[in-house]
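Take a look at the structure set out below.
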Protein chains: 2
Amino acid sequence: MERKLLLLGLLQMQEMHGYQLNEMIDAHLSTSIDFKKPTIYKLLGQMRDVGWLEQREEEAGNRPPRRVYSITPAGRDAFKALLRESLAAYKPTDFIDHISLAFLDHLSPAETVPLLENRKAQIQALLHRVQSYDPHQGSMQLMVEHQIRHLEMEITWLEEVIERVVTKGIGMPGGTHHDRNE
Amino acid sequence: MERKLLLLGLLQMQEMHGYQLNEMIDAHLSTSIDFKKPTIYKLLGQMRDVGWLEQREEEAGNRPPRRVYSITPAGRDAFKALLRESLAAYKPTDFIDHISLAFLDHLSPAETVPLLENRKAQIQALLHRVQSYDPHQGSMQLMVEHQIRHLEMEITWLEEVIERVVTKGIGMPGGTHHDRNE
DNA sequence: ATGATTATAGTCACATATGACTATTTACTC
DNA sequence: GAGTAAATAGTCATATGTGACTATAATCAT
């Protein structure tokens, strides 16, 4: 549903064809959201089929004929409805990708710290990338700011975790229990 | 992969059957991760098939026979490998569920604010729930702390957004452009 | 002329996770 | 004693998203 909302939102600013939408999303949103071409085309087709979008072939002698999508009145209504729904409902973030932090005490601190430093470097790299096209103001500015906040928090948090590992205050009360084979 | 890591990690503490694993995850992790019974059973089967787990039928006259899974040496190796890999690699959080914030200016502030307050209330409710079983210390403690940090940040952020909406400093430079029909 | 690249359109098999459902045995309630 | 709940095991259709691939016409480099 959020993906449809995004497409409708973009098409509300101006009509576009799929390739253009894909480019835009890829260029400006690929750091924060996953949304790939096949999905875009599929959703455009679906929304056209239910009357939220209108499709017009554009034969401008250029390249393969473009299918330009524009939003219909029904589409505008749907957009508003989706927007209200999505704004009001918070969907909890999934932390499954952070589960490894729960098992820190299965590795020696000597081994753990470089791994965590590596992870931290990746977050920092992403942060810099996001900050670099911060100047792209417009409707996506809040998204960018939010992501920056998030990444900064993640870095701070990781630094604290690293610090705790170094000072050995991690894991089960009673001390670490990583295997004896290293 | 992170789900397998979790199962291996839990089975490393003690052998268990699927129902038990499901209960544990449901009781202690359902606020932070999505991991449901069918997936648990499927992964247990897969890991048994590749020799990471050993399955033993337990006929203790109680209820339907339990399949108790215990981790094998190969499983321990796999666990370590997955753990290293997962610790070192940061997978960016997907912000698709926050895309609605990019379209705030399609609604009037009068309508937006209550929706956002509702969203905020949901985050707060979740935060309280998580904080309430914070005392559950143990290997999942870092996860809980992390999630608390995250939720606190989300609340702060949302409050700022609401404030900006109220003072009308949102959206395209040049002012809001929500439709005239309300 | 030819081969590579770009702009545009997709498609399709695959992987993943879940909701809803089915089974079985014992214990507990009325 | 009959019916419901609890403890255990799954299965399976369905939904979703993506990677890798196909297709076509025009332009550009050599």
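We label chains A, B, ... in the order they appear in the structure tokens, count residues from 1 in each chain, and number ligands from 1 in the order shown.
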Checklist line | Backbone-only DSSP, helix (DSSP H, G or I) members of chain B, as a PyMOL selection string | finding: chain B and resi 2-13+18-29+37-49+73-88+96-106+109-132+141-166
Note to self: Taking only C-alpha atoms into account and nothing else, which residues of chain B lie no more than 6 Å away from chain A? Please answer as a ChimeraX atom specification.
What the structure shows: /B:32-33,83,87-90,94-96,100,102,115-116,118-119,138-140,171-172
Give me the least-squares superposed chain B (reference chain A; all C-alpha atoms paired in order) as an mmCIF file with C-alpha atoms, in the first residue's frame.
```cif
data_model
loop_
_atom_site.group_PDB
_atom_site.id
_atom_site.type_symbol
_atom_site.label_atom_id
_atom_site.label_comp_id
_atom_site.auth_asym_id
_atom_site.auth_seq_id
_atom_site.Cartn_x
_atom_site.Cartn_y
_atom_site.Cartn_z
ATOM 1 C CA MET B 1 -0.037 0.001 0.002
ATOM 2 C CA GLU B 2 2.778 2.428 0.791
ATOM 3 C CA ARG B 3 4.295 1.722 -2.592
ATOM 4 C CA LYS B 4 1.054 2.593 -4.293
ATOM 5 C CA LEU B 5 0.895 5.730 -2.223
ATOM 6 C CA LEU B 6 4.320 6.704 -3.408
ATOM 7 C CA LEU B 7 3.509 6.167 -7.056
ATOM 8 C CA LEU B 8 0.266 8.069 -6.757
ATOM 9 C CA GLY B 9 2.037 10.852 -4.957
ATOM 10 C CA LEU B 10 4.646 11.198 -7.654
ATOM 11 C CA LEU B 11 2.066 11.028 -10.428
ATOM 12 C CA GLN B 12 0.110 13.706 -8.666
ATOM 13 C CA MET B 13 2.942 16.114 -9.255
ATOM 14 C CA GLN B 14 3.194 15.265 -12.925
ATOM 15 C CA GLU B 15 2.262 12.445 -15.223
ATOM 16 C CA MET B 16 5.096 10.096 -16.011
ATOM 17 C CA HIS B 17 5.986 6.823 -17.611
ATOM 18 C CA GLY B 18 7.363 3.827 -15.778
ATOM 19 C CA TYR B 19 10.942 4.318 -16.753
ATOM 20 C CA GLN B 20 10.852 7.854 -15.447
ATOM 21 C CA LEU B 21 9.327 6.757 -12.167
ATOM 22 C CA ASN B 22 11.920 4.088 -11.816
ATOM 23 C CA GLU B 23 14.716 6.530 -12.473
ATOM 24 C CA MET B 24 13.402 9.026 -9.987
ATOM 25 C CA ILE B 25 12.971 6.453 -7.275
ATOM 26 C CA ASP B 26 16.306 4.917 -8.012
ATOM 27 C CA ALA B 27 18.075 8.250 -7.982
ATOM 28 C CA HIS B 28 16.463 9.899 -4.986
ATOM 29 C CA LEU B 29 15.035 7.174 -2.826
ATOM 30 C CA SER B 30 17.189 4.131 -3.228
ATOM 31 C CA THR B 31 19.040 4.865 -0.007
ATOM 32 C CA SER B 32 15.885 4.721 2.025
ATOM 33 C CA ILE B 33 13.483 2.416 0.296
ATOM 34 C CA ASP B 34 13.488 -0.747 -1.730
ATOM 35 C CA PHE B 35 11.293 -0.419 -4.759
ATOM 36 C CA LYS B 36 12.366 -2.009 -7.986
ATOM 37 C CA LYS B 37 11.319 -1.841 -11.583
ATOM 38 C CA PRO B 38 9.269 -5.029 -11.780
ATOM 39 C CA THR B 39 7.248 -3.931 -8.795
ATOM 40 C CA ILE B 40 6.725 -0.474 -10.228
ATOM 41 C CA TYR B 41 5.455 -1.798 -13.521
ATOM 42 C CA LYS B 42 3.227 -4.306 -11.814
ATOM 43 C CA LEU B 43 1.629 -1.721 -9.553
ATOM 44 C CA LEU B 44 1.152 0.722 -12.413
ATOM 45 C CA GLY B 45 -0.693 -1.996 -14.299
ATOM 46 C CA GLN B 46 -2.856 -2.838 -11.321
ATOM 47 C CA MET B 47 -3.761 0.742 -10.626
ATOM 48 C CA ARG B 48 -4.536 1.319 -14.263
ATOM 49 C CA ASP B 49 -6.828 -1.716 -14.207
ATOM 50 C CA VAL B 50 -8.843 -0.430 -11.273
ATOM 51 C CA GLY B 51 -9.138 3.022 -12.757
ATOM 52 C CA TRP B 52 -6.796 4.964 -10.519
ATOM 53 C CA LEU B 53 -4.540 5.726 -13.437
ATOM 54 C CA GLU B 54 -5.049 6.463 -17.072
ATOM 55 C CA GLN B 55 -2.552 5.219 -19.588
ATOM 56 C CA ARG B 56 -1.758 7.084 -22.752
ATOM 57 C CA GLU B 57 0.599 5.896 -25.485
ATOM 58 C CA GLU B 58 2.996 8.585 -26.542
ATOM 59 C CA GLU B 59 4.441 7.995 -29.999
ATOM 60 C CA ALA B 60 6.870 10.917 -30.050
ATOM 61 C CA GLY B 61 9.199 9.535 -32.720
ATOM 62 C CA ASN B 62 11.884 9.191 -30.046
ATOM 63 C CA ARG B 63 12.247 5.670 -28.694
ATOM 64 C CA PRO B 64 9.948 2.743 -28.040
ATOM 65 C CA PRO B 65 6.470 4.116 -27.354
ATOM 66 C CA ARG B 66 6.079 5.453 -23.855
ATOM 67 C CA ARG B 67 3.145 4.578 -21.685
ATOM 68 C CA VAL B 68 2.458 7.743 -19.819
ATOM 69 C CA TYR B 69 0.364 7.374 -16.690
ATOM 70 C CA SER B 70 -1.731 10.132 -15.245
ATOM 71 C CA ILE B 71 -3.807 10.041 -12.119
ATOM 72 C CA THR B 72 -7.604 9.996 -12.417
ATOM 73 C CA PRO B 73 -10.113 11.541 -10.001
ATOM 74 C CA ALA B 74 -10.642 8.078 -8.542
ATOM 75 C CA GLY B 75 -6.883 7.897 -8.153
ATOM 76 C CA ARG B 76 -6.824 11.173 -6.280
ATOM 77 C CA ASP B 77 -9.476 9.880 -3.921
ATOM 78 C CA ALA B 78 -7.561 6.679 -3.409
ATOM 79 C CA PHE B 79 -4.419 8.662 -2.757
ATOM 80 C CA LYS B 80 -6.091 10.684 -0.043
ATOM 81 C CA ALA B 81 -7.559 7.600 1.545
ATOM 82 C CA LEU B 82 -4.259 5.755 1.518
ATOM 83 C CA LEU B 83 -2.501 8.808 2.827
ATOM 84 C CA ARG B 84 -4.831 9.172 5.785
ATOM 85 C CA GLU B 85 -4.602 5.519 6.579
ATOM 86 C CA SER B 86 -0.852 5.385 6.296
ATOM 87 C CA LEU B 87 -0.289 8.529 8.338
ATOM 88 C CA ALA B 88 -2.434 7.328 11.176
ATOM 89 C CA ALA B 89 -1.021 3.828 11.441
ATOM 90 C CA TYR B 90 2.418 3.097 12.786
ATOM 91 C CA LYS B 91 3.939 -0.159 11.621
ATOM 92 C CA PRO B 92 6.664 -1.305 13.973
ATOM 93 C CA THR B 93 10.127 -1.636 12.543
ATOM 94 C CA ASP B 94 11.409 -5.167 12.266
ATOM 95 C CA PHE B 95 14.591 -5.743 14.225
ATOM 96 C CA ILE B 96 15.398 -9.168 12.876
ATOM 97 C CA ASP B 97 18.480 -7.841 11.140
ATOM 98 C CA HIS B 98 19.851 -6.769 14.484
ATOM 99 C CA ILE B 99 19.470 -10.108 16.186
ATOM 100 C CA SER B 100 23.183 -10.788 15.960
ATOM 101 C CA LEU B 101 23.737 -8.191 18.650
ATOM 102 C CA ALA B 102 21.980 -10.532 21.027
ATOM 103 C CA PHE B 103 24.726 -13.090 20.593
ATOM 104 C CA LEU B 104 27.759 -10.895 21.026
ATOM 105 C CA ASP B 105 28.997 -12.948 23.913
ATOM 106 C CA HIS B 106 29.599 -15.983 21.754
ATOM 107 C CA LEU B 107 32.665 -14.334 20.267
ATOM 108 C CA SER B 108 35.709 -12.939 21.974
ATOM 109 C CA PRO B 109 35.857 -9.150 22.285
ATOM 110 C CA ALA B 110 39.010 -9.207 20.202
ATOM 111 C CA GLU B 111 37.042 -10.653 17.365
ATOM 112 C CA THR B 112 33.835 -8.773 17.961
ATOM 113 C CA VAL B 113 35.141 -5.247 17.954
ATOM 114 C CA PRO B 114 36.496 -5.175 14.393
ATOM 115 C CA LEU B 115 33.289 -6.680 13.103
ATOM 116 C CA LEU B 116 31.293 -3.991 14.819
ATOM 117 C CA GLU B 117 33.634 -1.303 13.583
ATOM 118 C CA ASN B 118 33.048 -2.569 10.102
ATOM 119 C CA ARG B 119 29.323 -2.386 10.588
ATOM 120 C CA LYS B 120 29.691 1.114 11.912
ATOM 121 C CA ALA B 121 31.712 2.155 8.878
ATOM 122 C CA GLN B 122 28.919 0.986 6.638
ATOM 123 C CA ILE B 123 26.358 3.015 8.502
ATOM 124 C CA GLN B 124 28.588 6.042 8.319
ATOM 125 C CA ALA B 125 29.109 5.602 4.613
ATOM 126 C CA LEU B 126 25.377 5.474 4.108
ATOM 127 C CA LEU B 127 24.895 8.526 6.275
ATOM 128 C CA HIS B 128 27.346 10.498 4.196
ATOM 129 C CA ARG B 129 25.682 9.427 1.025
ATOM 130 C CA VAL B 130 22.310 10.526 2.316
ATOM 131 C CA GLN B 131 23.657 13.807 3.601
ATOM 132 C CA SER B 132 25.264 14.487 0.284
ATOM 133 C CA TYR B 133 21.985 14.872 -1.504
ATOM 134 C CA ASP B 134 20.257 16.522 1.357
ATOM 135 C CA PRO B 135 20.131 19.773 -0.700
ATOM 136 C CA HIS B 136 17.552 18.002 -2.827
ATOM 137 C CA GLN B 137 14.733 19.799 -1.110
ATOM 138 C CA GLY B 138 11.133 19.141 -1.954
ATOM 139 C CA SER B 139 8.540 16.716 -0.782
ATOM 140 C CA MET B 140 11.138 14.083 0.072
ATOM 141 C CA GLN B 141 12.970 16.321 2.462
ATOM 142 C CA LEU B 142 11.291 14.941 5.544
ATOM 143 C CA MET B 143 12.206 11.421 4.501
ATOM 144 C CA VAL B 144 15.831 12.397 4.191
ATOM 145 C CA GLU B 145 15.882 14.169 7.528
ATOM 146 C CA HIS B 146 14.228 11.208 9.156
ATOM 147 C CA GLN B 147 16.741 8.813 7.760
ATOM 148 C CA ILE B 148 19.604 11.021 8.863
ATOM 149 C CA ARG B 149 18.255 11.063 12.383
ATOM 150 C CA HIS B 150 17.877 7.344 12.281
ATOM 151 C CA LEU B 151 21.383 6.699 11.040
ATOM 152 C CA GLU B 152 22.890 9.064 13.580
ATOM 153 C CA MET B 153 21.074 7.216 16.295
ATOM 154 C CA GLU B 154 22.299 3.886 14.994
ATOM 155 C CA ILE B 155 25.871 5.081 15.019
ATOM 156 C CA THR B 156 25.633 6.415 18.549
ATOM 157 C CA TRP B 157 24.071 3.201 19.666
ATOM 158 C CA LEU B 158 26.689 1.037 18.018
ATOM 159 C CA GLU B 159 29.446 3.103 19.574
ATOM 160 C CA GLU B 160 27.959 2.452 22.967
ATOM 161 C CA VAL B 161 27.744 -1.229 22.273
ATOM 162 C CA ILE B 162 31.357 -1.322 21.170
ATOM 163 C CA GLU B 163 32.360 0.532 24.290
ATOM 164 C CA ARG B 164 30.534 -2.001 26.408
ATOM 165 C CA VAL B 165 32.179 -4.877 24.624
ATOM 166 C CA VAL B 166 35.569 -3.332 25.193
ATOM 167 C CA THR B 167 34.927 -2.868 28.876
ATOM 168 C CA LYS B 168 33.371 -6.337 29.038
ATOM 169 C CA GLY B 169 30.050 -5.321 30.420
ATOM 170 C CA ILE B 170 28.056 -7.431 27.987
ATOM 171 C CA GLY B 171 25.925 -10.497 28.057
ATOM 172 C CA MET B 172 24.745 -12.835 30.752
ATOM 173 C CA PRO B 173 25.410 -11.692 34.277
ATOM 174 C CA GLY B 174 28.404 -13.704 35.313
ATOM 175 C CA GLY B 175 30.572 -12.973 32.347
ATOM 176 C CA THR B 176 31.122 -13.968 28.770
ATOM 177 C CA HIS B 177 31.037 -17.555 27.671
ATOM 178 C CA HIS B 178 32.578 -17.714 24.244
ATOM 179 C CA ASP B 179 34.011 -21.121 23.379
ATOM 180 C CA ARG B 180 37.503 -22.057 24.347
ATOM 181 C CA ASN B 181 38.621 -22.818 20.821
ATOM 182 C CA GLU B 182 39.965 -19.377 20.037
#
```
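Every protein, DNA or RNA residue with an atom at most 10 Å from D:DC28, where only C-alpha atoms (C1' of nucleotides) count and chain neighbours fewer than 6 positions away do not, is listed here: DA4, DT5 and DT6 of chain C.
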Quick one: write out the picked residues with N, CA, C and O atoms (P, O5', C5', C4', C3', O3' and C1' of nucleotides) as a short mmCIF file (atom, residue, chain, number, x, y, z; two decimals), in the first residue's frame?
```
data_model
loop_
_atom_site.label_atom_id
_atom_site.label_comp_id
_atom_site.auth_asym_id
_atom_site.auth_seq_id
_atom_site.Cartn_x
_atom_site.Cartn_y
_atom_site.Cartn_z
P DA C 4 29.58 -5.24 -29.73
"O5'" DA C 4 29.21 -3.85 -29.04
"C5'" DA C 4 30.24 -2.86 -28.96
"C4'" DA C 4 29.68 -1.62 -28.31
"C3'" DA C 4 28.99 -1.86 -26.98
"O3'" DA C 4 29.36 -0.80 -26.12
"C1'" DA C 4 27.48 -0.83 -28.49
P DT C 5 28.96 -0.79 -24.59
"O5'" DT C 5 27.81 0.32 -24.57
"C5'" DT C 5 28.06 1.54 -25.29
"C4'" DT C 5 26.84 2.45 -25.19
"C3'" DT C 5 26.05 2.30 -23.90
"O3'" DT C 5 25.80 3.63 -23.44
"C1'" DT C 5 24.61 2.05 -25.75
P DT C 6 25.07 3.99 -22.12
"O5'" DT C 6 23.63 4.45 -22.66
"C5'" DT C 6 23.57 5.46 -23.66
"C4'" DT C 6 22.12 5.78 -23.94
"C3'" DT C 6 21.22 5.75 -22.71
"O3'" DT C 6 20.29 6.80 -22.86
"C1'" DT C 6 20.39 4.26 -24.32
#
```
Next item on the list: Find the residues in chain C near chain A: any atom within 8 Å counts, using only C-alpha atoms (C1' of nucleotides). Write them as a PyMOL selection string.
Entry: chain C and resi 7-10
Next item on the list: At a cut-off of 12 Å, list the chain D residues touching chain A, using only C-alpha atoms (C1' of nucleotides), as a ChimeraX atom specification.
Entry: /D:16-21,23-27
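Here atom C1' of D:DA9 and atom C1' of C:DC28 stand 21.7 Å from one another.
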Margin query: Let's see if you can do this: from backbone DSSP, list all strand (DSSP E or B) residues in chain B, as a PyMOL selection string.
Written below: chain B and resi 16-17+53-58+66-71
How about saving the chosen residues, N, CA, C and O atoms kept, as a CSV table (one decimal), in the first residue's frame?
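Full text of out07.csv as output:
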```csv
chain,number,residue,atom,x,y,z
B,16,MET,N,15.4,-27.7,22.3
B,16,MET,CA,14.0,-27.3,22.4
B,16,MET,C,13.2,-27.9,21.2
B,16,MET,O,13.8,-28.3,20.2
B,17,HIS,N,11.9,-28.0,21.4
B,17,HIS,CA,11.1,-28.3,20.3
B,17,HIS,C,10.4,-27.1,19.7
B,17,HIS,O,10.4,-26.0,20.3
B,53,LEU,N,21.2,-29.4,12.8
B,53,LEU,CA,20.4,-29.8,13.9
B,53,LEU,C,20.2,-31.3,13.9
B,53,LEU,O,20.2,-31.9,12.9
B,54,GLU,N,20.0,-31.8,15.1
B,54,GLU,CA,19.6,-33.2,15.3
B,54,GLU,C,18.2,-33.3,15.9
B,54,GLU,O,17.9,-32.5,16.8
B,55,GLN,N,17.4,-34.1,15.3
B,55,GLN,CA,16.1,-34.2,15.8
B,55,GLN,C,15.9,-35.5,16.6
B,55,GLN,O,16.2,-36.6,16.1
B,56,ARG,N,15.3,-35.4,17.7
B,56,ARG,CA,15.0,-36.6,18.6
B,56,ARG,C,13.6,-36.6,18.9
B,56,ARG,O,13.0,-35.6,19.4
B,57,GLU,N,12.9,-37.7,18.7
B,57,GLU,CA,11.5,-37.9,19.2
B,57,GLU,C,11.5,-38.1,20.7
B,57,GLU,O,12.2,-39.0,21.2
B,58,GLU,N,10.6,-37.4,21.3
B,58,GLU,CA,10.5,-37.6,22.8
B,58,GLU,C,9.1,-38.1,23.1
B,58,GLU,O,8.1,-37.4,22.8
B,66,ARG,N,7.0,-35.0,20.9
B,66,ARG,CA,7.8,-33.8,20.7
B,66,ARG,C,8.9,-34.1,19.8
B,66,ARG,O,9.6,-35.1,20.0
B,67,ARG,N,9.2,-33.2,18.9
B,67,ARG,CA,10.5,-33.3,18.1
B,67,ARG,C,11.5,-32.3,18.7
B,67,ARG,O,11.3,-31.1,18.5
B,68,VAL,N,12.4,-32.8,19.5
B,68,VAL,CA,13.3,-32.0,20.2
B,68,VAL,C,14.6,-31.8,19.3
B,68,VAL,O,15.1,-32.8,18.8
B,69,TYR,N,14.9,-30.6,19.1
B,69,TYR,CA,16.1,-30.2,18.2
B,69,TYR,C,17.3,-29.8,19.1
B,69,TYR,O,17.1,-29.0,20.0
B,70,SER,N,18.4,-30.4,18.7
B,70,SER,CA,19.6,-30.0,19.4
B,70,SER,C,20.7,-29.6,18.3
B,70,SER,O,20.6,-30.2,17.2
B,71,ILE,N,21.5,-28.7,18.7
B,71,ILE,CA,22.5,-28.2,17.7
B,71,ILE,C,23.6,-29.2,17.6
B,71,ILE,O,24.1,-29.7,18.6
```
